[in-house]
$ cat run02.cif   # mmCIF, N, CA and C atoms
data_work
#
loop_
_atom_site.label_atom_id
_atom_site.label_comp_id
_atom_site.auth_asym_id
_atom_site.auth_seq_id
_atom_site.Cartn_x
_atom_site.Cartn_y
_atom_site.Cartn_z
N MET A 235 -6.86 8.36 12.37
CA MET A 235 -6.12 7.72 11.31
C MET A 235 -6.70 6.33 11.06
N THR A 236 -7.13 6.07 9.86
CA THR A 236 -7.64 4.74 9.51
C THR A 236 -6.46 3.78 9.37
N TYR A 237 -6.65 2.58 9.89
CA TYR A 237 -5.62 1.54 9.88
C TYR A 237 -6.17 0.33 9.12
N ALA A 238 -5.40 -0.19 8.19
CA ALA A 238 -5.84 -1.30 7.35
C ALA A 238 -5.16 -2.60 7.74
N VAL A 239 -5.94 -3.68 7.71
CA VAL A 239 -5.43 -5.03 7.82
C VAL A 239 -5.88 -5.75 6.56
N VAL A 240 -4.91 -6.20 5.77
CA VAL A 240 -5.19 -6.84 4.49
C VAL A 240 -4.55 -8.22 4.47
N SER A 241 -5.32 -9.22 4.06
CA SER A 241 -4.81 -10.59 3.94
C SER A 241 -5.11 -11.09 2.54
N VAL A 242 -4.06 -11.48 1.83
CA VAL A 242 -4.21 -11.99 0.47
C VAL A 242 -4.03 -13.51 0.52
N HIS A 243 -5.09 -14.21 0.13
CA HIS A 243 -5.08 -15.68 0.12
C HIS A 243 -4.99 -16.17 -1.32
N SER A 244 -4.34 -17.30 -1.50
CA SER A 244 -4.27 -17.99 -2.79
C SER A 244 -4.77 -19.41 -2.57
N PRO A 245 -6.09 -19.58 -2.47
CA PRO A 245 -6.62 -20.89 -2.12
C PRO A 245 -6.44 -21.92 -3.24
N LYS A 246 -6.19 -23.15 -2.81
CA LYS A 246 -6.23 -24.27 -3.74
C LYS A 246 -7.68 -24.40 -4.20
N PRO A 247 -7.90 -24.75 -5.47
CA PRO A 247 -9.28 -24.79 -5.98
C PRO A 247 -10.24 -25.62 -5.12
N GLU A 248 -9.79 -26.73 -4.62
CA GLU A 248 -10.66 -27.59 -3.82
C GLU A 248 -10.96 -27.03 -2.43
N HIS A 249 -10.24 -25.99 -2.02
CA HIS A 249 -10.44 -25.39 -0.69
C HIS A 249 -10.95 -23.95 -0.78
N ARG A 250 -11.25 -23.49 -1.98
CA ARG A 250 -11.69 -22.10 -2.17
C ARG A 250 -12.91 -21.77 -1.31
N ALA A 251 -13.91 -22.64 -1.29
CA ALA A 251 -15.13 -22.37 -0.51
C ALA A 251 -14.81 -22.28 0.98
N ALA A 252 -13.89 -23.11 1.47
CA ALA A 252 -13.52 -23.07 2.89
C ALA A 252 -12.81 -21.76 3.23
N VAL A 253 -11.95 -21.29 2.34
CA VAL A 253 -11.26 -20.02 2.58
C VAL A 253 -12.26 -18.86 2.58
N ILE A 254 -13.18 -18.86 1.62
CA ILE A 254 -14.21 -17.81 1.59
C ILE A 254 -15.03 -17.84 2.87
N ASP A 255 -15.42 -19.03 3.31
CA ASP A 255 -16.19 -19.15 4.55
C ASP A 255 -15.41 -18.57 5.73
N SER A 256 -14.13 -18.89 5.83
CA SER A 256 -13.30 -18.38 6.91
C SER A 256 -13.21 -16.86 6.86
N MET A 257 -13.00 -16.32 5.67
CA MET A 257 -12.89 -14.87 5.52
C MET A 257 -14.20 -14.17 5.85
N GLN A 258 -15.31 -14.79 5.51
CA GLN A 258 -16.61 -14.22 5.85
C GLN A 258 -16.88 -14.30 7.35
N ARG A 259 -16.43 -15.38 8.00
CA ARG A 259 -16.56 -15.47 9.46
C ARG A 259 -15.73 -14.39 10.14
N TYR A 260 -14.51 -14.17 9.64
CA TYR A 260 -13.65 -13.10 10.15
C TYR A 260 -14.40 -11.76 10.05
N SER A 261 -14.97 -11.49 8.87
CA SER A 261 -15.69 -10.23 8.68
C SER A 261 -16.88 -10.11 9.63
N ARG A 262 -17.60 -11.22 9.83
CA ARG A 262 -18.77 -11.18 10.73
C ARG A 262 -18.34 -10.81 12.15
N VAL A 263 -17.27 -11.42 12.64
CA VAL A 263 -16.79 -11.11 13.99
C VAL A 263 -16.22 -9.70 14.03
N ALA A 264 -15.52 -9.29 12.98
CA ALA A 264 -14.95 -7.93 12.94
C ALA A 264 -16.05 -6.88 13.07
N ARG A 265 -17.20 -7.14 12.45
CA ARG A 265 -18.31 -6.17 12.49
C ARG A 265 -18.88 -6.00 13.90
N GLU A 266 -18.56 -6.91 14.79
CA GLU A 266 -19.01 -6.82 16.19
C GLU A 266 -18.01 -6.07 17.07
N GLN A 267 -16.86 -5.69 16.52
CA GLN A 267 -15.79 -5.09 17.31
C GLN A 267 -15.83 -3.56 17.25
N VAL A 268 -15.44 -2.96 18.35
CA VAL A 268 -15.36 -1.50 18.44
C VAL A 268 -14.25 -1.00 17.51
N GLY A 269 -14.56 0.02 16.73
CA GLY A 269 -13.55 0.66 15.90
C GLY A 269 -13.49 0.17 14.47
N LEU A 270 -14.28 -0.83 14.11
CA LEU A 270 -14.27 -1.28 12.72
C LEU A 270 -14.99 -0.25 11.86
N GLU A 271 -14.38 0.11 10.74
CA GLU A 271 -14.99 1.04 9.79
C GLU A 271 -15.60 0.29 8.60
N TRP A 272 -14.92 -0.73 8.10
CA TRP A 272 -15.40 -1.51 6.96
C TRP A 272 -14.62 -2.80 6.86
N THR A 273 -15.27 -3.85 6.40
CA THR A 273 -14.59 -5.10 6.13
C THR A 273 -15.27 -5.82 5.00
N GLY A 274 -14.51 -6.59 4.25
CA GLY A 274 -15.08 -7.36 3.16
C GLY A 274 -14.04 -8.23 2.49
N VAL A 275 -14.51 -9.04 1.55
CA VAL A 275 -13.64 -9.95 0.79
C VAL A 275 -13.76 -9.59 -0.68
N ILE A 276 -12.62 -9.47 -1.34
CA ILE A 276 -12.57 -9.13 -2.75
C ILE A 276 -12.00 -10.31 -3.52
N ASP A 277 -12.68 -10.71 -4.58
CA ASP A 277 -12.18 -11.71 -5.51
C ASP A 277 -11.54 -10.93 -6.65
N ASP A 278 -10.22 -10.99 -6.77
CA ASP A 278 -9.55 -10.15 -7.77
C ASP A 278 -9.54 -10.76 -9.17
N GLY A 279 -10.19 -11.92 -9.32
CA GLY A 279 -10.30 -12.53 -10.64
C GLY A 279 -9.11 -13.39 -11.04
N SER A 280 -8.06 -13.39 -10.25
CA SER A 280 -6.87 -14.17 -10.57
C SER A 280 -6.81 -15.48 -9.79
N GLY A 281 -7.82 -15.71 -8.96
CA GLY A 281 -7.78 -16.86 -8.05
C GLY A 281 -7.49 -16.45 -6.62
N ARG A 282 -6.95 -15.24 -6.47
CA ARG A 282 -6.67 -14.75 -5.12
C ARG A 282 -7.92 -14.16 -4.50
N LEU A 283 -7.96 -14.20 -3.17
CA LEU A 283 -9.02 -13.57 -2.38
C LEU A 283 -8.35 -12.58 -1.45
N VAL A 284 -8.87 -11.37 -1.40
CA VAL A 284 -8.27 -10.31 -0.60
C VAL A 284 -9.24 -9.90 0.49
N GLY A 285 -8.85 -10.12 1.73
CA GLY A 285 -9.65 -9.69 2.86
C GLY A 285 -9.14 -8.34 3.35
N ILE A 286 -10.06 -7.42 3.55
CA ILE A 286 -9.69 -6.07 4.00
C ILE A 286 -10.54 -5.71 5.21
N ALA A 287 -9.87 -5.20 6.23
CA ALA A 287 -10.56 -4.65 7.39
C ALA A 287 -9.97 -3.26 7.65
N LEU A 288 -10.83 -2.28 7.69
CA LEU A 288 -10.40 -0.91 7.98
C LEU A 288 -10.86 -0.55 9.39
N TRP A 289 -9.93 -0.10 10.19
CA TRP A 289 -10.17 0.19 11.60
C TRP A 289 -9.95 1.67 11.87
N ALA A 290 -10.58 2.18 12.90
CA ALA A 290 -10.43 3.58 13.29
C ALA A 290 -9.00 3.90 13.71
N SER A 291 -8.28 2.87 14.22
CA SER A 291 -6.91 3.07 14.67
C SER A 291 -6.21 1.72 14.77
N GLU A 292 -4.90 1.75 14.86
CA GLU A 292 -4.14 0.53 15.07
C GLU A 292 -4.54 -0.12 16.40
N GLU A 293 -4.80 0.71 17.41
CA GLU A 293 -5.20 0.19 18.72
C GLU A 293 -6.50 -0.59 18.63
N ALA A 294 -7.45 -0.12 17.84
CA ALA A 294 -8.72 -0.84 17.67
C ALA A 294 -8.49 -2.18 17.00
N ALA A 295 -7.61 -2.21 16.00
CA ALA A 295 -7.30 -3.47 15.31
C ALA A 295 -6.63 -4.46 16.26
N VAL A 296 -5.71 -3.98 17.06
CA VAL A 296 -5.01 -4.85 18.02
C VAL A 296 -5.99 -5.37 19.07
N ALA A 297 -6.87 -4.51 19.55
CA ALA A 297 -7.85 -4.93 20.57
C ALA A 297 -8.81 -5.98 20.03
N ALA A 298 -9.12 -5.93 18.74
CA ALA A 298 -10.06 -6.89 18.13
C ALA A 298 -9.41 -8.23 17.83
N ARG A 299 -8.12 -8.28 17.74
CA ARG A 299 -7.41 -9.49 17.31
C ARG A 299 -7.76 -10.75 18.09
N PRO A 300 -7.86 -10.73 19.43
CA PRO A 300 -8.20 -11.97 20.14
C PRO A 300 -9.55 -12.56 19.70
N ALA A 301 -10.56 -11.72 19.52
CA ALA A 301 -11.87 -12.22 19.09
C ALA A 301 -11.79 -12.77 17.67
N LEU A 302 -11.04 -12.11 16.82
CA LEU A 302 -10.91 -12.55 15.43
C LEU A 302 -10.16 -13.88 15.35
N MET A 303 -9.09 -14.01 16.12
CA MET A 303 -8.31 -15.25 16.09
C MET A 303 -9.07 -16.40 16.76
N ALA A 304 -9.93 -16.07 17.71
CA ALA A 304 -10.76 -17.12 18.31
C ALA A 304 -11.68 -17.73 17.25
N GLU A 305 -12.05 -16.92 16.26
CA GLU A 305 -12.95 -17.39 15.20
C GLU A 305 -12.21 -18.15 14.09
N VAL A 306 -11.05 -17.65 13.65
CA VAL A 306 -10.40 -18.23 12.47
C VAL A 306 -8.96 -18.70 12.72
N GLY A 307 -8.45 -18.49 13.91
CA GLY A 307 -7.05 -18.80 14.19
C GLY A 307 -6.65 -20.25 14.03
N ASP A 308 -7.61 -21.17 14.15
CA ASP A 308 -7.30 -22.59 14.00
C ASP A 308 -7.64 -23.12 12.61
N ASP A 309 -8.08 -22.26 11.70
CA ASP A 309 -8.37 -22.71 10.35
C ASP A 309 -7.06 -23.13 9.67
N PRO A 310 -7.06 -24.26 8.93
CA PRO A 310 -5.81 -24.81 8.39
C PRO A 310 -5.38 -24.18 7.06
N PHE A 311 -5.04 -22.90 7.11
CA PHE A 311 -4.66 -22.20 5.89
C PHE A 311 -3.43 -22.82 5.23
N GLU A 312 -2.55 -23.43 6.01
CA GLU A 312 -1.37 -24.07 5.42
C GLU A 312 -1.78 -25.22 4.50
N THR A 313 -2.96 -25.78 4.72
CA THR A 313 -3.51 -26.83 3.84
C THR A 313 -4.36 -26.21 2.74
N TRP A 314 -5.15 -25.20 3.08
CA TRP A 314 -6.10 -24.60 2.14
C TRP A 314 -5.44 -23.73 1.08
N ASP A 315 -4.39 -22.99 1.45
CA ASP A 315 -3.78 -22.03 0.54
C ASP A 315 -2.56 -22.64 -0.16
N GLU A 316 -2.36 -22.23 -1.42
CA GLU A 316 -1.21 -22.68 -2.19
C GLU A 316 0.10 -22.09 -1.67
N ARG A 317 0.02 -20.92 -1.07
CA ARG A 317 1.22 -20.26 -0.54
C ARG A 317 0.83 -19.53 0.75
N PRO A 318 1.81 -19.16 1.55
CA PRO A 318 1.48 -18.45 2.79
C PRO A 318 0.66 -17.18 2.53
N ILE A 319 -0.18 -16.84 3.49
CA ILE A 319 -0.98 -15.62 3.41
C ILE A 319 -0.04 -14.42 3.34
N ASP A 320 -0.33 -13.52 2.43
CA ASP A 320 0.42 -12.26 2.33
C ASP A 320 -0.36 -11.24 3.16
N GLY A 321 0.15 -10.92 4.33
CA GLY A 321 -0.52 -10.00 5.22
C GLY A 321 0.11 -8.62 5.20
N LEU A 322 -0.73 -7.61 5.10
CA LEU A 322 -0.28 -6.22 5.09
C LEU A 322 -1.03 -5.46 6.17
N ARG A 323 -0.32 -4.63 6.89
CA ARG A 323 -0.93 -3.83 7.93
C ARG A 323 -0.29 -2.45 7.93
N GLY A 324 -1.13 -1.43 8.08
CA GLY A 324 -0.55 -0.10 8.15
C GLY A 324 -1.58 1.00 8.01
N ALA A 325 -1.09 2.21 8.20
CA ALA A 325 -1.94 3.40 8.12
C ALA A 325 -2.40 3.63 6.69
N VAL A 326 -3.65 4.04 6.54
CA VAL A 326 -4.18 4.42 5.24
C VAL A 326 -3.81 5.89 5.04
N VAL A 327 -3.09 6.17 3.99
CA VAL A 327 -2.62 7.54 3.74
C VAL A 327 -3.32 8.16 2.56
#

$ encode --input "run02.cif" --output "C-alpha coordinates"
Amino acid sequence: MTYAVVSVHSPKPEHRAAVIDSMQRYSRVAREQVGLEWTGVIDDGSGRLVGIALWASEEAAVAARPALMAEVGDDPFETWDERPIDGLRGAVV
(Lines of atoms letter the chains of each structure in order from A and count residues from 1; the text may use other names and numbers.)
(Lines give C-alpha, C1' and ligand atoms only; values in the text may rest on other atoms or scores of the structure.)
Protein backbone atom coordinates (compact mmCIF):
# COMPACT_ATOMS: atom_id res chain seq x y z
CA MET A 1 0.00 0.00 0.00
CA THR A 2 1.48 3.34 -1.02
CA TYR A 3 1.41 5.96 1.73
CA ALA A 4 1.47 9.70 0.98
CA VAL A 5 2.90 12.57 2.99
CA VAL A 6 1.79 15.93 1.60
CA SER A 7 2.75 19.37 2.90
CA VAL A 8 1.13 22.50 1.50
CA HIS A 9 3.12 25.68 2.12
CA SER A 10 2.00 29.27 1.57
CA PRO A 11 5.30 31.12 1.64
CA LYS A 12 5.57 34.86 2.09
CA PRO A 13 7.02 36.27 -1.15
CA GLU A 14 10.28 37.29 0.50
CA HIS A 15 10.77 33.75 1.89
CA ARG A 16 9.67 31.74 -1.15
CA ALA A 17 13.24 30.77 -2.11
CA ALA A 18 13.97 29.61 1.46
CA VAL A 19 10.85 27.42 1.52
CA ILE A 20 11.73 25.90 -1.87
CA ASP A 21 15.26 25.21 -0.62
CA SER A 22 13.90 23.51 2.50
CA MET A 23 11.47 21.39 0.48
CA GLN A 24 14.24 20.37 -1.91
CA ARG A 25 16.49 19.42 1.02
CA TYR A 26 13.64 17.31 2.43
CA SER A 27 13.32 15.58 -0.96
CA ARG A 28 17.08 14.98 -1.17
CA VAL A 29 17.14 13.29 2.25
CA ALA A 30 13.93 11.37 1.49
CA ARG A 31 15.57 9.89 -1.61
CA GLU A 32 18.21 8.33 0.67
CA GLN A 33 15.58 6.54 2.80
CA VAL A 34 14.36 2.97 2.46
CA GLY A 35 10.84 2.72 1.08
CA LEU A 36 10.61 6.03 -0.77
CA GLU A 37 8.77 5.66 -4.08
CA TRP A 38 8.71 9.30 -5.27
CA THR A 39 9.13 12.81 -3.93
CA GLY A 40 8.95 16.29 -5.37
CA VAL A 41 7.72 19.85 -5.06
CA ILE A 42 4.81 21.22 -7.07
CA ASP A 43 4.18 24.92 -7.68
CA ASP A 44 0.41 25.07 -8.13
CA GLY A 45 0.53 28.58 -9.61
CA SER A 46 -1.41 30.18 -6.77
CA GLY A 47 1.63 30.95 -4.63
CA ARG A 48 1.37 27.67 -2.76
CA LEU A 49 4.06 24.99 -2.87
CA VAL A 50 3.04 21.36 -2.44
CA GLY A 51 5.57 18.82 -1.24
CA ILE A 52 4.70 15.19 -1.88
CA ALA A 53 6.48 12.07 -0.70
CA LEU A 54 5.13 8.65 -1.64
CA TRP A 55 6.30 5.76 0.52
CA ALA A 56 5.96 1.99 0.19
CA SER A 57 4.15 1.94 3.54
CA GLU A 58 3.25 4.06 6.54
CA GLU A 59 6.01 2.24 8.45
CA ALA A 60 8.61 3.39 5.90
CA ALA A 61 7.41 6.99 6.23
CA VAL A 62 7.55 6.83 10.02
CA ALA A 63 11.03 5.26 9.97
CA ALA A 64 12.32 8.05 7.68
CA ARG A 65 10.92 10.88 9.80
CA PRO A 66 13.94 11.31 12.16
CA ALA A 67 16.34 11.80 9.22
CA LEU A 68 13.93 14.17 7.50
CA MET A 69 13.35 16.25 10.62
CA ALA A 70 17.09 16.39 11.28
CA GLU A 71 17.33 18.15 7.91
CA VAL A 72 14.37 20.56 8.02
CA GLY A 73 12.87 20.35 11.51
CA ASP A 74 14.50 23.58 12.67
CA ASP A 75 13.57 25.61 9.60
CA PRO A 76 11.48 28.65 10.71
CA PHE A 77 8.29 27.95 8.76
CA GLU A 78 6.29 30.03 11.24
CA THR A 79 8.27 33.01 9.89
CA TRP A 80 8.52 31.89 6.26
CA ASP A 81 4.90 30.83 5.66
CA GLU A 82 1.84 33.09 5.72
CA ARG A 83 -0.19 30.36 7.43
CA PRO A 84 0.53 27.04 9.14
CA ILE A 85 1.58 24.15 6.91
CA ASP A 86 -1.39 22.07 5.79
CA GLY A 87 -0.15 18.52 6.26
CA LEU A 88 -1.93 15.48 4.87
CA ARG A 89 -0.99 11.87 5.46
CA GLY A 90 -2.68 8.69 4.41
CA ALA A 91 -3.05 5.69 2.17
CA VAL A 92 -3.17 6.25 -1.57
CA VAL A 93 -6.37 4.61 -2.79

$ select_by_dssp --input "run02.cif" --residues "chain A" --states "helix (DSSP H, G or I)" --output "VMD selection string"
chain A and resid 247 to 264 292 to 306 311 to 314

$ atom_distance --input "run02.cif" --atom1 "CA of Glu266 in chain A" --atom2 "CA of Asp278 in chain A"
26.0 Å

$ resolve_selection --input "run02.cif" --expression "the PyMOL selection byres ((chain A and resi 309-324) around 5)" --output "list in words"
Tyr237, Ala238, Val239, Val240, Ser241, Val242, Ser244, Pro245, Lys246, Val306, Gly307, Asp308, Ala325 and Val326 of chain A

$ closest_residue --input "run02.cif" --among "A:Val296, A:Trp289, A:Arg250, A:Val327" --to "Glu271 in chain A" --atoms "all atoms listed in the file"
A:Trp289

$ atom_distance --input "run02.cif" --atom1 "atom N of Val275 in chain A" --atom2 "atom N of Ile254 in chain A"
9.9 Å

$ closest_residue --input "run02.cif" --among "A:Tyr260, A:Val253, A:Glu248, A:Met235" --to "Leu283 in chain A" --atoms "only N, CA and C atoms"
A:Val253

$ resolve_selection --input "run02.cif" --expression "the PyMOL selection byres ((chain A and resi 286) around 5)" --output "short mmCIF file (atom, residue, chain, number, x, y, z; two decimals) with N, CA and C atoms, in the coordinates of the input"
data_model
loop_
_atom_site.label_atom_id
_atom_site.label_comp_id
_atom_site.auth_asym_id
_atom_site.auth_seq_id
_atom_site.Cartn_x
_atom_site.Cartn_y
_atom_site.Cartn_z
N VAL A 239 -5.94 -3.68 7.71
CA VAL A 239 -5.43 -5.03 7.82
C VAL A 239 -5.88 -5.75 6.56
N VAL A 240 -4.91 -6.20 5.77
CA VAL A 240 -5.19 -6.84 4.49
C VAL A 240 -4.55 -8.22 4.47
N THR A 273 -15.27 -3.85 6.40
CA THR A 273 -14.59 -5.10 6.13
C THR A 273 -15.27 -5.82 5.00
N GLY A 274 -14.51 -6.59 4.25
CA GLY A 274 -15.08 -7.36 3.16
C GLY A 274 -14.04 -8.23 2.49
N VAL A 284 -8.87 -11.37 -1.40
CA VAL A 284 -8.27 -10.31 -0.60
C VAL A 284 -9.24 -9.90 0.49
N GLY A 285 -8.85 -10.12 1.73
CA GLY A 285 -9.65 -9.69 2.86
C GLY A 285 -9.14 -8.34 3.35
N ALA A 287 -9.87 -5.20 6.23
CA ALA A 287 -10.56 -4.65 7.39
C ALA A 287 -9.97 -3.26 7.65
N LEU A 288 -10.83 -2.28 7.69
CA LEU A 288 -10.40 -0.91 7.98
C LEU A 288 -10.86 -0.55 9.39
#
